[in-house]
Each structure stands twice: as C-alpha cells, then as structure tokens.
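query00.txt (compact mmCIF, C-alpha atoms)
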```txt
# COMPACT_ATOMS: atom_id res chain seq x y z
CA MET Y 1 -7.77 -14.43 2.04
CA GLN Y 2 -5.07 -12.35 0.98
CA HIS Y 3 -3.81 -12.68 1.38
CA ASN Y 4 -3.34 -10.64 0.83
CA VAL Y 5 -1.14 -9.18 -1.88
CA GLU Y 6 1.93 -9.85 -4.12
CA ASP Y 7 3.33 -11.12 -1.27
CA GLU Y 8 3.77 -7.56 -0.11
CA THR Y 9 5.77 -8.69 2.86
CA ASN Y 10 8.07 -10.74 0.64
CA ASN Y 11 8.93 -7.78 -1.58
CA ALA Y 12 11.21 -5.60 0.48
CA ASP Y 13 12.35 -3.69 -2.58
CA GLU Y 14 8.86 -2.29 -3.10
CA LEU Y 15 8.96 -0.70 0.32
CA GLN Y 16 12.04 1.33 -0.58
CA PRO Y 17 12.18 4.48 -2.70
CA PRO Y 18 13.55 4.22 -6.23
CA PRO Y 19 17.30 4.35 -6.83
CA GLU Y 20 17.25 8.02 -7.76
CA ASP Y 21 15.64 8.88 -4.41
CA HIS Y 22 17.88 6.76 -2.21
CA PRO Y 23 21.10 8.45 -1.01
CA LEU Y 24 22.77 5.07 -0.58
CA LEU Y 25 22.36 4.33 -4.26
CA VAL Y 26 24.19 7.40 -5.56
CA GLN Y 27 27.18 5.87 -7.28
CA GLU Y 28 30.37 7.89 -7.20
CA GLU Y 29 33.64 7.17 -8.96
CA GLY Y 30 35.81 4.85 -6.91
CA LYS Y 31 33.11 4.13 -4.34
CA SER Y 32 30.91 1.63 -6.13
CA SER Y 33 31.88 -1.37 -4.03
CA SER Y 34 31.24 0.39 -0.72
CA HIS Y 35 27.92 1.67 -2.00
CA HIS Y 36 26.87 -1.82 -3.05
CA ILE Y 37 27.63 -3.03 0.45
CA HIS Y 38 25.44 -0.26 1.87
CA VAL Y 39 22.64 -1.14 -0.55
CA LYS Y 40 22.71 -4.79 0.48
CA ALA Y 41 22.70 -3.81 4.14
CA THR Y 42 19.74 -1.50 3.57
CA LYS Y 43 17.75 -4.21 1.79
CA ALA Y 44 18.52 -6.69 4.54
CA LEU Y 45 17.38 -4.16 7.12
CA VAL Y 46 14.16 -3.54 5.21
CA ALA Y 47 13.46 -7.26 4.93
CA SER Y 48 14.14 -7.87 8.61
CA LYS Y 49 11.62 -5.19 9.53
CA ILE Y 50 8.74 -6.75 7.58
CA LEU Y 51 9.35 -10.46 8.03
CA PHE Y 52 7.03 -10.54 11.01
CA LEU Y 53 4.10 -9.51 8.80
CA ASP Y 54 4.49 -12.81 6.95
CA GLY Y 55 4.31 -14.56 10.31
CA VAL Y 56 1.14 -12.68 11.26
CA ARG Y 57 -0.46 -13.70 7.98
CA GLY Y 58 0.67 -17.30 8.50
CA LEU Y 59 -0.84 -17.40 11.97
CA ALA Y 60 -4.09 -15.98 10.62
CA ALA Y 61 -4.20 -18.65 7.90
CA LEU Y 62 -3.71 -21.42 10.47
CA LEU Y 63 -6.48 -19.95 12.63
CA VAL Y 64 -8.91 -20.04 9.70
CA PHE Y 65 -7.92 -23.65 9.12
CA ALA Y 66 -8.40 -24.49 12.82
CA GLN Y 67 -11.76 -22.71 12.97
CA HIS Y 68 -13.22 -24.89 10.22
CA VAL Y 69 -12.09 -28.17 11.80
CA PRO Y 70 -14.98 -29.14 14.12
CA GLU Y 71 -12.76 -30.59 16.85
CA TYR Y 72 -10.51 -27.53 17.27
CA LEU Y 73 -11.26 -24.26 19.10
CA LYS Y 74 -14.96 -24.86 19.61
CA ASN Y 75 -15.65 -22.04 22.09
CA ILE Y 76 -14.12 -19.00 20.38
CA ASN Y 77 -14.40 -17.53 16.90
CA VAL Y 78 -10.72 -17.18 15.99
CA GLY Y 79 -11.62 -17.54 12.32
CA ALA Y 80 -13.38 -14.17 12.42
CA VAL Y 81 -10.33 -12.57 14.04
CA ALA Y 82 -8.14 -14.13 11.34
CA VAL Y 83 -10.36 -12.79 8.55
CA ASP Y 84 -10.22 -9.31 10.07
CA SER Y 85 -6.44 -9.66 10.34
CA PHE Y 86 -6.27 -10.45 6.62
CA PHE Y 87 -8.39 -7.39 5.86
CA VAL Y 88 -6.21 -5.15 8.04
CA LEU Y 89 -2.91 -6.48 6.64
CA SER Y 90 -4.13 -6.10 3.08
CA SER Y 91 -5.35 -2.52 3.50
CA PHE Y 92 -2.33 -1.52 5.61
CA LEU Y 93 0.30 -2.79 3.18
CA LEU Y 94 -1.41 -1.67 -0.01
CA THR Y 95 -2.09 1.81 1.35
CA TRP Y 96 1.52 2.06 2.51
CA LEU Y 97 2.88 1.06 -0.91
CA PHE Y 98 0.50 3.21 -2.91
CA MET Y 99 1.07 6.27 -0.75
CA LYS Y 100 4.83 5.95 -1.21
CA LYS Y 101 4.40 5.91 -4.99
CA SER Y 102 1.87 8.74 -4.92
CA LEU Y 103 4.10 11.03 -2.84
CA ARG Y 104 6.90 10.44 -5.32
CA LEU Y 105 4.64 11.36 -8.25
CA VAL Y 106 3.40 14.48 -6.48
CA HIS Y 107 6.99 15.55 -5.82
CA GLU Y 108 7.86 14.97 -9.49
CA ARG Y 109 4.72 16.90 -10.55
CA ALA Y 110 3.90 13.92 -12.72
CA GLY Y 111 1.55 14.19 -15.64
CA LEU Y 112 -1.72 12.36 -16.12
CA ARG Y 113 -0.14 9.67 -18.28
CA LYS Y 114 2.33 8.70 -15.58
CA TRP Y 115 -0.44 8.46 -12.98
CA LEU Y 116 -2.41 6.19 -15.30
CA TYR Y 117 0.59 3.89 -15.70
CA VAL Y 118 0.96 3.66 -11.92
CA LEU Y 119 -2.74 2.83 -11.53
CA ALA Y 120 -2.53 0.22 -14.28
CA ASP Y 121 0.47 -1.38 -12.57
CA TYR Y 122 -1.35 -1.35 -9.21
CA PHE Y 123 -4.49 -3.05 -10.52
CA CYS Y 124 -2.51 -5.51 -12.62
CA LYS Y 125 -0.62 -6.74 -9.56
CA ARG Y 126 -3.82 -7.00 -7.54
CA PHE Y 127 -5.54 -9.02 -10.27
CA PHE Y 128 -2.72 -11.53 -10.72
CA ARG Y 129 -2.25 -11.89 -6.97
CA VAL Y 130 -5.83 -12.95 -6.29
CA TYR Y 131 -7.77 -14.05 -9.34
CA PRO Y 132 -5.81 -16.88 -11.04
CA LEU Y 133 -5.90 -19.28 -8.09
CA PHE Y 134 -9.51 -18.39 -7.38
CA ALA Y 135 -10.49 -19.07 -11.00
CA ILE Y 136 -8.66 -22.41 -11.06
CA THR Y 137 -10.36 -23.44 -7.81
CA CYS Y 138 -13.75 -22.61 -9.33
CA VAL Y 139 -12.98 -24.65 -12.44
CA VAL Y 140 -11.90 -27.63 -10.31
CA LEU Y 141 -15.22 -27.43 -8.43
CA TRP Y 142 -17.08 -27.23 -11.73
CA PHE Y 143 -15.52 -30.54 -12.86
CA MET Y 144 -16.50 -32.29 -9.61
CA ASP Y 145 -19.69 -34.25 -9.26
CA VAL Y 146 -22.56 -32.62 -7.36
CA ASP Y 147 -22.04 -34.58 -4.13
CA SER Y 148 -18.30 -33.83 -3.94
CA ARG Y 149 -18.92 -30.18 -4.71
CA ARG Y 150 -21.43 -29.89 -1.90
CA HIS Y 151 -19.22 -31.84 0.46
CA TYR Y 152 -16.18 -29.61 0.02
CA TYR Y 153 -17.55 -26.15 -0.70
CA LEU Y 154 -21.27 -25.65 -1.18
CA GLY Y 155 -22.54 -27.30 2.01
CA ASP Y 156 -26.30 -26.85 2.34
CA ASN Y 157 -26.42 -23.95 -0.11
CA PRO Y 158 -29.59 -24.53 -2.16
CA THR Y 159 -28.36 -22.74 -5.29
CA ALA Y 160 -26.97 -24.80 -8.14
CA PHE Y 161 -23.30 -24.24 -8.94
CA ASP Y 162 -22.95 -21.80 -11.83
CA LEU Y 163 -19.36 -21.30 -12.96
CA PHE Y 164 -19.93 -17.89 -14.53
CA LYS Y 165 -21.78 -16.52 -11.49
CA THR Y 166 -19.09 -17.85 -9.18
CA LEU Y 167 -16.27 -16.34 -11.25
CA THR Y 168 -18.07 -12.97 -11.30
CA PHE Y 169 -18.76 -13.01 -7.54
CA GLU Y 170 -22.54 -13.11 -7.78
CA PHE Y 171 -23.72 -12.65 -4.19
CA HIS Y 172 -25.48 -16.00 -3.79
CA SER Y 173 -22.56 -17.83 -5.41
CA ARG Y 174 -19.92 -16.81 -2.86
CA TYR Y 175 -19.47 -20.27 -1.42
CA PHE Y 176 -17.47 -21.19 1.69
CA VAL Y 177 -14.49 -18.78 1.90
CA PHE Y 178 -15.15 -17.09 -1.46
CA TRP Y 179 -17.18 -14.33 0.22
CA THR Y 180 -14.09 -12.35 1.31
CA LEU Y 181 -12.54 -12.00 -2.15
CA PRO Y 182 -15.08 -9.55 -3.66
CA LEU Y 183 -14.83 -7.46 -0.49
CA GLU Y 184 -11.07 -7.14 -0.79
CA ILE Y 185 -11.18 -6.55 -4.53
CA SER Y 186 -13.81 -3.83 -4.04
CA TYR Y 187 -11.63 -2.11 -1.47
CA TYR Y 188 -8.66 -2.18 -3.85
CA PHE Y 189 -10.50 0.51 -5.83
CA CYS Y 190 -10.95 2.63 -2.71
CA ILE Y 191 -7.27 2.76 -1.77
CA PRO Y 192 -6.09 5.14 -4.56
CA VAL Y 193 -8.96 7.52 -3.74
CA PHE Y 194 -8.15 7.34 -0.03
CA VAL Y 195 -4.44 7.99 -0.57
CA TYR Y 196 -4.98 10.85 -2.98
CA GLY Y 197 -7.53 12.43 -0.62
CA THR Y 198 -5.01 12.25 2.22
CA ILE Y 199 -2.33 13.93 0.09
CA VAL Y 200 -4.74 16.68 -0.97
CA LEU Y 201 -5.42 17.50 2.69
CA ARG Y 202 -1.68 18.07 3.20
CA ARG Y 203 -1.00 19.02 6.82
CA LEU Y 204 -4.68 18.95 7.71
CA TRP Y 205 -4.98 15.21 7.10
CA TRP Y 206 -5.32 14.50 10.83
CA ILE Y 207 -8.47 16.65 11.09
CA ALA Y 208 -10.30 14.23 8.79
CA TYR Y 209 -8.88 11.21 10.59
CA LEU Y 210 -10.32 12.15 14.00
CA PRO Y 211 -13.99 11.74 13.00
CA ALA Y 212 -13.02 8.79 10.82
CA TYR Y 213 -11.54 6.98 13.82
CA TYR Y 214 -14.59 7.86 15.90
CA TRP Y 215 -16.79 6.29 13.22
CA VAL Y 216 -14.58 3.19 12.92
CA ILE Y 217 -14.64 2.58 16.68
CA SER Y 218 -18.36 3.26 17.09
CA GLN Y 219 -19.18 0.98 14.17
CA GLY Y 220 -16.87 -1.69 15.52
CA TRP Y 221 -18.64 -1.62 18.87
CA THR Y 222 -22.21 -1.48 17.62
CA GLU Y 223 -22.37 -2.86 14.06
CA TYR Y 224 -23.29 -6.51 13.59
CA ARG Y 225 -20.71 -8.08 11.30
CA THR Y 226 -20.63 -11.64 10.13
CA SER Y 227 -19.50 -13.70 7.16
CA HIS Y 228 -21.16 -13.76 3.74
CA THR Y 229 -22.18 -10.11 3.79
CA GLY Y 230 -21.40 -7.17 1.55
CA LEU Y 231 -18.53 -4.72 1.90
CA LEU Y 232 -20.28 -2.01 3.92
CA PRO Y 233 -20.25 -3.71 7.37
CA HIS Y 234 -16.54 -4.46 6.94
CA ILE Y 235 -15.47 -1.01 5.69
CA PRO Y 236 -14.37 0.08 9.21
CA THR Y 237 -11.94 -2.85 9.33
CA PHE Y 238 -10.34 -1.95 6.01
CA LEU Y 239 -10.34 1.75 6.85
CA ALA Y 240 -8.55 1.10 10.15
CA GLY Y 241 -5.72 -0.57 8.24
CA SER Y 242 -5.43 2.26 5.71
CA MET Y 243 -5.42 5.02 8.33
CA ALA Y 244 -2.81 3.16 10.37
CA ALA Y 245 -0.60 2.94 7.27
CA VAL Y 246 -0.79 6.70 6.76
CA ILE Y 247 -0.06 7.36 10.44
CA PHE Y 248 2.98 5.10 10.24
CA VAL Y 249 4.21 6.87 7.09
CA LYS Y 250 3.85 10.25 8.80
CA LEU Y 251 5.60 9.10 11.98
CA ASP Y 252 8.36 7.35 10.04
CA THR Y 253 8.93 10.46 7.92
CA TRP Y 254 9.08 12.69 11.00
CA ILE Y 255 11.55 10.34 12.73
CA LYS Y 256 13.85 10.25 9.71
CA ALA Y 257 13.67 13.98 9.01
CA ARG Y 258 14.69 14.84 12.56
CA LYS Y 259 17.03 11.87 13.04
CA PHE Y 260 15.01 11.04 16.13
CA GLN Y 261 16.45 8.41 18.46
CA PHE Y 262 14.28 6.46 20.90
CA GLN Y 263 15.41 7.03 24.48
CA TRP Y 264 14.49 4.73 27.33
CA PHE Y 265 11.45 6.80 28.34
CA HIS Y 266 10.18 6.90 24.74
CA THR Y 267 10.58 3.13 24.57
CA LEU Y 268 8.78 2.75 27.89
CA VAL Y 269 5.78 4.76 26.69
CA LEU Y 270 5.64 2.93 23.36
CA ARG Y 271 5.85 -0.48 25.03
CA ALA Y 272 3.14 0.51 27.54
CA ILE Y 273 0.82 1.42 24.67
CA GLU Y 274 1.69 -1.75 22.76
CA LEU Y 275 1.29 -4.12 25.72
CA THR Y 276 -2.03 -2.53 26.66
CA ALA Y 277 -3.25 -3.00 23.09
CA LEU Y 278 -1.98 -6.59 23.08
CA GLY Y 279 -3.73 -7.36 26.36
CA LEU Y 280 -7.01 -5.89 25.12
CA PHE Y 281 -6.65 -7.70 21.79
CA LEU Y 282 -6.20 -11.08 23.50
CA SER Y 283 -9.02 -10.28 25.93
CA VAL Y 284 -11.43 -9.60 23.07
CA VAL Y 285 -10.34 -12.70 21.15
CA PHE Y 286 -10.55 -15.07 24.13
CA ARG Y 287 -13.45 -13.26 25.83
CA GLY Y 288 -11.73 -13.01 29.19
CA LEU Y 289 -8.32 -12.06 30.62
CA PHE Y 290 -8.55 -8.30 31.34
CA PHE Y 291 -12.34 -8.57 31.28
CA VAL Y 292 -12.12 -11.07 34.13
CA TRP Y 293 -9.08 -9.80 36.01
CA ILE Y 294 -9.77 -6.05 35.85
CA HIS Y 295 -13.15 -5.01 34.45
CA GLU Y 296 -15.84 -6.53 32.29
CA ASN Y 297 -15.98 -5.56 28.64
CA VAL Y 298 -17.65 -2.16 28.26
CA ALA Y 299 -18.42 -2.70 24.57
CA PRO Y 300 -21.98 -3.81 23.72
CA LYS Y 301 -22.22 -7.56 23.28
CA SER Y 302 -22.77 -8.62 19.70
CA PRO Y 303 -23.14 -12.11 18.21
CA GLY Y 304 -21.06 -11.14 15.18
CA PHE Y 305 -17.34 -10.71 14.58
CA PRO Y 306 -15.35 -9.30 17.53
CA PHE Y 307 -13.90 -5.82 17.01
CA THR Y 308 -10.10 -6.13 16.89
CA SER Y 309 -8.95 -4.11 13.88
CA VAL Y 310 -7.87 -0.91 15.66
CA LEU Y 311 -6.01 -2.86 18.35
CA LEU Y 312 -4.21 -4.87 15.68
CA THR Y 313 -3.15 -1.73 13.82
CA ILE Y 314 -1.70 -0.29 17.04
CA LEU Y 315 0.41 -3.42 17.40
CA LEU Y 316 1.57 -3.23 13.77
CA VAL Y 317 2.59 0.43 13.97
CA CYS Y 318 4.41 -0.03 17.29
CA GLU Y 319 6.36 -3.03 16.00
CA LEU Y 320 7.31 -1.28 12.76
CA LEU Y 321 8.51 1.79 14.63
CA LEU Y 322 10.46 -0.15 17.24
CA PRO Y 323 10.56 -3.97 16.91
CA SER Y 324 10.26 -6.04 20.07
CA PRO Y 325 10.38 -9.77 20.90
CA LEU Y 326 6.76 -9.95 19.72
CA SER Y 327 7.70 -9.27 16.09
CA ARG Y 328 10.75 -11.50 16.35
CA MET Y 329 8.47 -14.29 17.54
CA MET Y 330 6.33 -13.75 14.44
CA GLU Y 331 9.47 -14.16 12.30
CA TRP Y 332 9.56 -17.86 13.16
CA ASN Y 333 10.16 -19.74 9.91
CA PHE Y 334 7.23 -22.06 10.60
CA LEU Y 335 4.81 -19.11 10.64
CA ARG Y 336 6.51 -17.40 7.71
CA PHE Y 337 6.12 -20.54 5.61
CA TRP Y 338 2.37 -20.54 6.23
CA GLY Y 339 2.33 -16.81 5.55
CA LYS Y 340 3.94 -17.35 2.17
CA VAL Y 341 1.27 -19.87 1.14
CA SER Y 342 -1.53 -18.22 3.15
CA PHE Y 343 -3.75 -17.49 0.15
CA SER Y 344 -3.59 -21.13 -0.93
CA VAL Y 345 -4.28 -22.20 2.66
CA TYR Y 346 -7.30 -19.95 2.77
CA LEU Y 347 -8.81 -21.07 -0.53
CA LEU Y 348 -7.92 -24.77 -0.49
CA HIS Y 349 -8.04 -25.93 3.13
CA GLY Y 350 -11.58 -27.22 2.62
CA PHE Y 351 -10.20 -30.03 0.46
CA VAL Y 352 -8.15 -31.18 3.46
CA ILE Y 353 -10.39 -30.70 6.47
CA TYR Y 354 -13.41 -32.30 4.79
CA ASN Y 355 -11.49 -35.23 3.37
CA GLU Y 356 -13.25 -38.33 4.72
CA ARG Y 357 -10.18 -40.54 4.58
CA LEU Y 358 -8.33 -38.18 6.92
CA ASN Y 359 -11.30 -37.62 9.20
CA PHE Y 360 -12.05 -41.32 9.71
CA GLN Y 361 -8.74 -41.91 11.47
CA THR Y 362 -9.44 -42.84 15.08
CA ASP Y 363 -6.35 -41.28 16.66
CA TYR Y 364 -6.51 -37.53 17.31
CA TYR Y 365 -2.83 -36.88 16.60
CA CYS Y 366 -2.94 -38.93 13.40
CA ARG Y 367 -5.72 -36.66 12.19
CA LEU Y 368 -3.88 -33.53 13.31
CA PHE Y 369 -0.54 -34.27 11.66
CA SER Y 370 -2.02 -35.81 8.53
CA ARG Y 371 -4.14 -32.69 8.01
CA LEU Y 372 -1.18 -30.38 8.50
CA GLY Y 373 0.99 -32.51 6.24
CA MET Y 374 -1.57 -32.69 3.45
CA LEU Y 375 -2.28 -28.98 3.77
CA ALA Y 376 1.43 -28.18 3.49
CA LEU Y 377 1.80 -30.37 0.39
CA LEU Y 378 -1.33 -29.03 -1.31
CA THR Y 379 -0.60 -25.37 -0.64
CA THR Y 380 3.08 -25.64 -1.58
CA ALA Y 381 2.11 -27.20 -4.91
CA SER Y 382 -0.52 -24.51 -5.42
CA TYR Y 383 1.96 -21.76 -4.67
CA GLN Y 384 4.64 -23.15 -6.98
CA LEU Y 385 2.29 -24.01 -9.85
CA VAL Y 386 -0.17 -21.10 -9.73
CA GLU Y 387 0.62 -18.28 -7.33
CA TYR Y 388 4.32 -17.81 -8.02
CA PRO Y 389 4.01 -17.98 -11.85
CA SER Y 390 1.15 -15.47 -11.61
CA GLN Y 391 3.36 -13.13 -9.62
CA LEU Y 392 6.17 -13.51 -12.15
CA LEU Y 393 3.74 -12.64 -14.94
CA ALA Y 394 2.55 -9.60 -12.98
CA ARG Y 395 6.15 -8.47 -12.51
CA ARG Y 396 6.86 -8.88 -16.22
CA ILE Y 397 3.81 -6.79 -17.07
CA SER Y 398 4.89 -4.25 -14.45
CA LYS Y 399 8.33 -4.05 -16.03
CA THR Y 400 6.75 -3.49 -19.44
CA LEU Y 401 4.59 -0.72 -18.01
CA ASP Y 402 7.65 0.88 -16.43
CA GLU Y 403 9.44 0.82 -19.78
CA GLN Y 404 6.44 2.39 -21.49
CA GLU Y 405 6.21 4.99 -18.73
CA ALA Y 406 9.88 5.88 -19.23
CA LYS Y 407 9.17 6.52 -22.91
CA ALA Y 408 6.07 8.58 -22.17
CA SER Y 409 6.07 12.21 -23.19
CA MET Y 410 6.99 14.66 -20.45
CA THR Y 411 4.85 17.39 -22.02
CA MET Y 412 1.54 16.08 -20.69
CA PRO Y 413 -0.51 18.47 -18.55
CA VAL Y 414 0.54 18.48 -14.93
CA LEU Y 415 -1.93 16.62 -12.76
CA CYS Y 416 -0.66 17.80 -9.38
CA THR Y 417 0.29 21.44 -8.90
CA PHE Y 418 0.17 21.30 -5.15
CA ALA Y 419 1.74 19.49 -2.20
CA SER Y 420 5.28 19.48 -3.61
CA SER Y 421 6.60 20.23 -0.16
CA GLU Y 422 4.45 17.41 1.24
CA GLY Y 423 5.79 15.07 -1.42
CA SER Y 424 9.38 16.08 -0.68
CA LYS Y 425 8.89 15.27 2.97
CA GLY Y 426 7.26 11.96 2.14
CA LEU Y 427 9.89 10.60 -0.19
CA GLY Y 428 11.40 8.58 2.59
CA ALA Y 429 8.06 7.52 3.99
CA GLY Y 430 8.15 4.16 2.33
CA VAL Y 431 11.65 3.35 3.56
CA ILE Y 432 11.79 1.11 6.60
CA LYS Y 433 15.03 1.49 8.45
```

Before we go any further, please render this structure as structure tokens.
Amino acid sequence: MQHNVEDETNNADELQPPPEDHPLLVQEEGKSSSHHIHVKATKALVASKILFLDGVRGLAALLVFAQHVPEYLKNINVGAVAVDSFFVLSSFLLTWLFMKKSLRLVHERAGLRKWLYVLADYFCKRFFRVYPLFAITCVVLWFMDVDSRRHYYLGDNPTAFDLFKTLTFEFHSRYFVFWTLPLEISYYFCIPVFVYGTIVLRRLWWIAYLPAYYWVISQGWTEYRTSHTGLLPHIPTFLAGSMAAVIFVKLDTWIKARKFQFQWFHTLVLRAIELTALGLFLSVVFRGLFFVWIHENVAPKSPGFPFTSVLLTILLVCELLLPSPLSRMMEWNFLRFWGKVSFSVYLLHGFVIYNERLNFQTDYYCRLFSRLGMLALLTTASYQLVEYPSQLLARRISKTLDEQEAKASMTMPVLCTFASSEGSKGLGAGVIK
C-alpha cells in the first residue's frame, strides 16, 4: 500500500521550506561555516521528528503480512486497520507537502505556468512511487502458469487474468491487494483541490472543517466498509488524514509565529488527549480494553473495517507537536526497515506466505522465521532494483522541471491575487522543528 509515497518520511528536505525562505540558510560573509552547522542541525532535527512515521508504516506492513497468514491473528482484523493506516499516512503526508508548496506559491503570487510545473512534479512523483513496481508485479503474474497465478494472487476469482485490464485497474481485475492502489491514485487527484480550497477559505477554513469532521465520524460509525470496493466508502479515511495535516500546519505555524513553549500543564493536557486516543484506538482494534473495563462500545456494530482513522490522526498530530516515548518506540530500526520497504511488502508478500515449501515445514518457528527472512530478502531486492531507481528517476525529472520552472517567464498572468498574508504566515508551516 503506500505506501505510501516517495518515501515521504525518508525525505526530510521536502518538509523544509526552500533555501530562500529559511533564515538559517542566509549566507553572510564570514559566517558560512557556522551557518552550515546550523543547516545540518536543522535537517537532523527534521529527520528525527519524522522517523517514527516510517516505523508506523513498517508496523502496518507487518500487520498486513500477519493478517494474510492463516495461523496468525485469527480473531481480529488487523489487516483492515493497517490498510486504513496506509490511507491516513498517505493523505496526511501528501497534503502536508502540497500545502507547504501551495502556500509558498500563493505568497509569491505565482503565475499559472509555475503552478502547472508544481502539479506536474507532484503527479510525476506519485506515478513513479507507485506504478513501476505494480506494473512489474503484473507482468510477472502474466508470465506464470494459470495454477501458480491463482495460487498466489487470483484465488477463486472466476475472471481470466487480463494484463491490460489489470494494469488499468479494471474493477474486476483488482486481485488480492491490488484493490487499494486505484483508490490511493484516485485520491492523489483530490489533494490539490482540497489544499487549494483550504487556502481560498483563508481564516474561515475551520468553518468548513466542522461539518466535514461530523460527516467523517458519522460515516465511520455507520458506513459499511470492506476490501475490494470503490473509493467512495473510504473517502472519510483519506479525508481524515488530509484535514489532520492542515490542522497540524496551522498549529505548527501558530506555535512558531508566537514562539510558544509547552509548559507542564500544556504537556499534561496534550498527553491526556493522546493517551485517551491511544486507549480508544487499541480498544477498537482489539475489540475490548476500554469497552470491557469502562463502557461498551457506543458505535453501531458493523461487520466491515473498524473506524480508526480519526483516532490515528490525533496520535500523529500530538506526536509531531510534542514527541513522546510512543514515537521514539516507532523509531526502532527494525520497524523503520520494514517501513522503507513497506510498498514491496504490501505487493509481494503473497509470494512468501503462499509458498508451499515454506508452509509445509512442521515446526511453527521454522515457518515464522523462514517467512520473515524470505520476505526481507524479496522486498530488499525489490526496493533496490525497482523502487529506489524509480525514485531516482522521479527526482531527476523533478530537477528538470525545477530548471524549466526557473527559466519560465515571470510575465504570466497572476493566478492568485488573494491570501498573500495567509501565505506569509504559512511559509514555515512545512518546517518541523
């Protein structure tokens, strides 16, 4: 699943403003060395703030893997929670990044041509992050014999494998885990519209978010969501991630503008909110805990995916504002490794868990460690041979687009004649300190 994304969490530089907007990057005569030290410290601080997101993605990838192994986690649907986590992380990070760029363009009163370059760069990165590995996986399946294809991916699906239909995400050709990719790709097109709409609202953005949150929560409680469906039932999950990203940007901007420092009572309130959200999140996932100890779940019971997206976004925002041991636990290198290769884990784990040679081992721990070992080898090879080169190509194209943008005429009609004050306030929104 995305999976989410360049790796967004691996690219700390993208979460900072450009050199001309960063006070630490203003080079003065005789001070270059000290400034370089400050720059390195800033980048290290940015990276340390977002490392835990890699760990969250890695944990989600392992939960999807565990859900599809018949002998693990039989009584709870952690795979559904992991899929929702992928959706939330993807929408949260992409909205955050795109809003930072958009606020900068609004402040610069950029012309139409510059906006088009930014959109082209955005969609180029999304395409090369997701599609190459997916396409190669489809081609590998196409070369397999019918029995192997059904064993690993198609299952009991009665439709014959059609490479073109699979590559174009035809609804009945979204086999196994392929069903999530068209949903994410479809939402990629919604993010620029969402961000621009938020900027247009200026200081009234929160008025639109109140009914939006009401709709997200009511849909999450009452809507039946399951796998292999269209985008509409899962829109609330994506929207929760995007709205949380905007709220974080606004809070982060306010904190920086006022040089706000968390006192003990602020920390106490924030931790109370976070721990309550964490307790409810775990209670929903494991169908117990608070619902046994305190009060039964008041949400209507549904056989579909559990509703966890809003609770997860609360945890993300709290940890980004003021990291705690929870985020430091997610920075464990073991989880960050799986987060780095999470897209490969998501797409390719079927070749491991349905491998008969591994499954026929009689000892439980032999099966467990051989599956993890083979999964690590397969996904590492996939990342090095497909994902990473695709990202390098995307960066090269992005650099070319940036060079073309720099040469673009500055006499184009102005696209944005409003919100310059909003853009000025938001310049630091993408900086994580």

| Top pick for closest residue to Val130 in chain Y, considering Y:Leu163, Y:Lys301, Y:Leu312, Y:Tyr383 and counting all atoms listed in the file |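 Among the listed residues, the smallest separation from Val130 in chain Y belongs to Y:Tyr383.
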
| For Pro303 in chain Y, which residue out of Y:Lys114, Y:Arg225, Y:His349, Y:Arg328 is the nearest one, using only C-alpha atoms? |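 Using only C-alpha atoms, the shortest distance to Pro303 in chain Y belongs to Y:Arg225.
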
| Long-range neighbours of Arg371 in chain Y as a ChimeraX atom specification, 12 Å cut-off, only C-alpha atoms, 4 positions minimum in chain | /Y:62,65-66,69,345,349-361,364-367,375-379

May I have the selected residues written with C-alpha atoms, as a compact mmCIF listing (two decimals), keeping the file's coordinate frame?
```txt
# COMPACT_ATOMS: atom_id res chain seq x y z
CA LEU Y 62 -3.71 -21.42 10.47
CA PHE Y 65 -7.92 -23.65 9.12
CA ALA Y 66 -8.40 -24.49 12.82
CA VAL Y 69 -12.09 -28.17 11.80
CA VAL Y 345 -4.28 -22.20 2.66
CA HIS Y 349 -8.04 -25.93 3.13
CA GLY Y 350 -11.58 -27.22 2.62
CA PHE Y 351 -10.20 -30.03 0.46
CA VAL Y 352 -8.15 -31.18 3.46
CA ILE Y 353 -10.39 -30.70 6.47
CA TYR Y 354 -13.41 -32.30 4.79
CA ASN Y 355 -11.49 -35.23 3.37
CA GLU Y 356 -13.25 -38.33 4.72
CA ARG Y 357 -10.18 -40.54 4.58
CA LEU Y 358 -8.33 -38.18 6.92
CA ASN Y 359 -11.30 -37.62 9.20
CA PHE Y 360 -12.05 -41.32 9.71
CA GLN Y 361 -8.74 -41.91 11.47
CA TYR Y 364 -6.51 -37.53 17.31
CA TYR Y 365 -2.83 -36.88 16.60
CA CYS Y 366 -2.94 -38.93 13.40
CA ARG Y 367 -5.72 -36.66 12.19
CA LEU Y 375 -2.28 -28.98 3.77
CA ALA Y 376 1.43 -28.18 3.49
CA LEU Y 377 1.80 -30.37 0.39
CA LEU Y 378 -1.33 -29.03 -1.31
CA THR Y 379 -0.60 -25.37 -0.64
```

| request: Name the closest residue to Pro211 in chain Y among the candidates Y:Val83, Y:Leu372, Y:Met243, Y:Leu181; distances are taken between atoms, counting all atoms listed in the file. | output: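 Using all atoms listed in the file, Pro211 in chain Y sits closest to Y:Met243.
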
| field | Option closest in space to Leu59 in chain Y, from Y:Ser85, Y:Ser344, Y:Gln263, Y:Ser398 [counting only C-alpha atoms] | value |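 Smallest separation from Leu59 in chain Y among the options: Y:Ser85.
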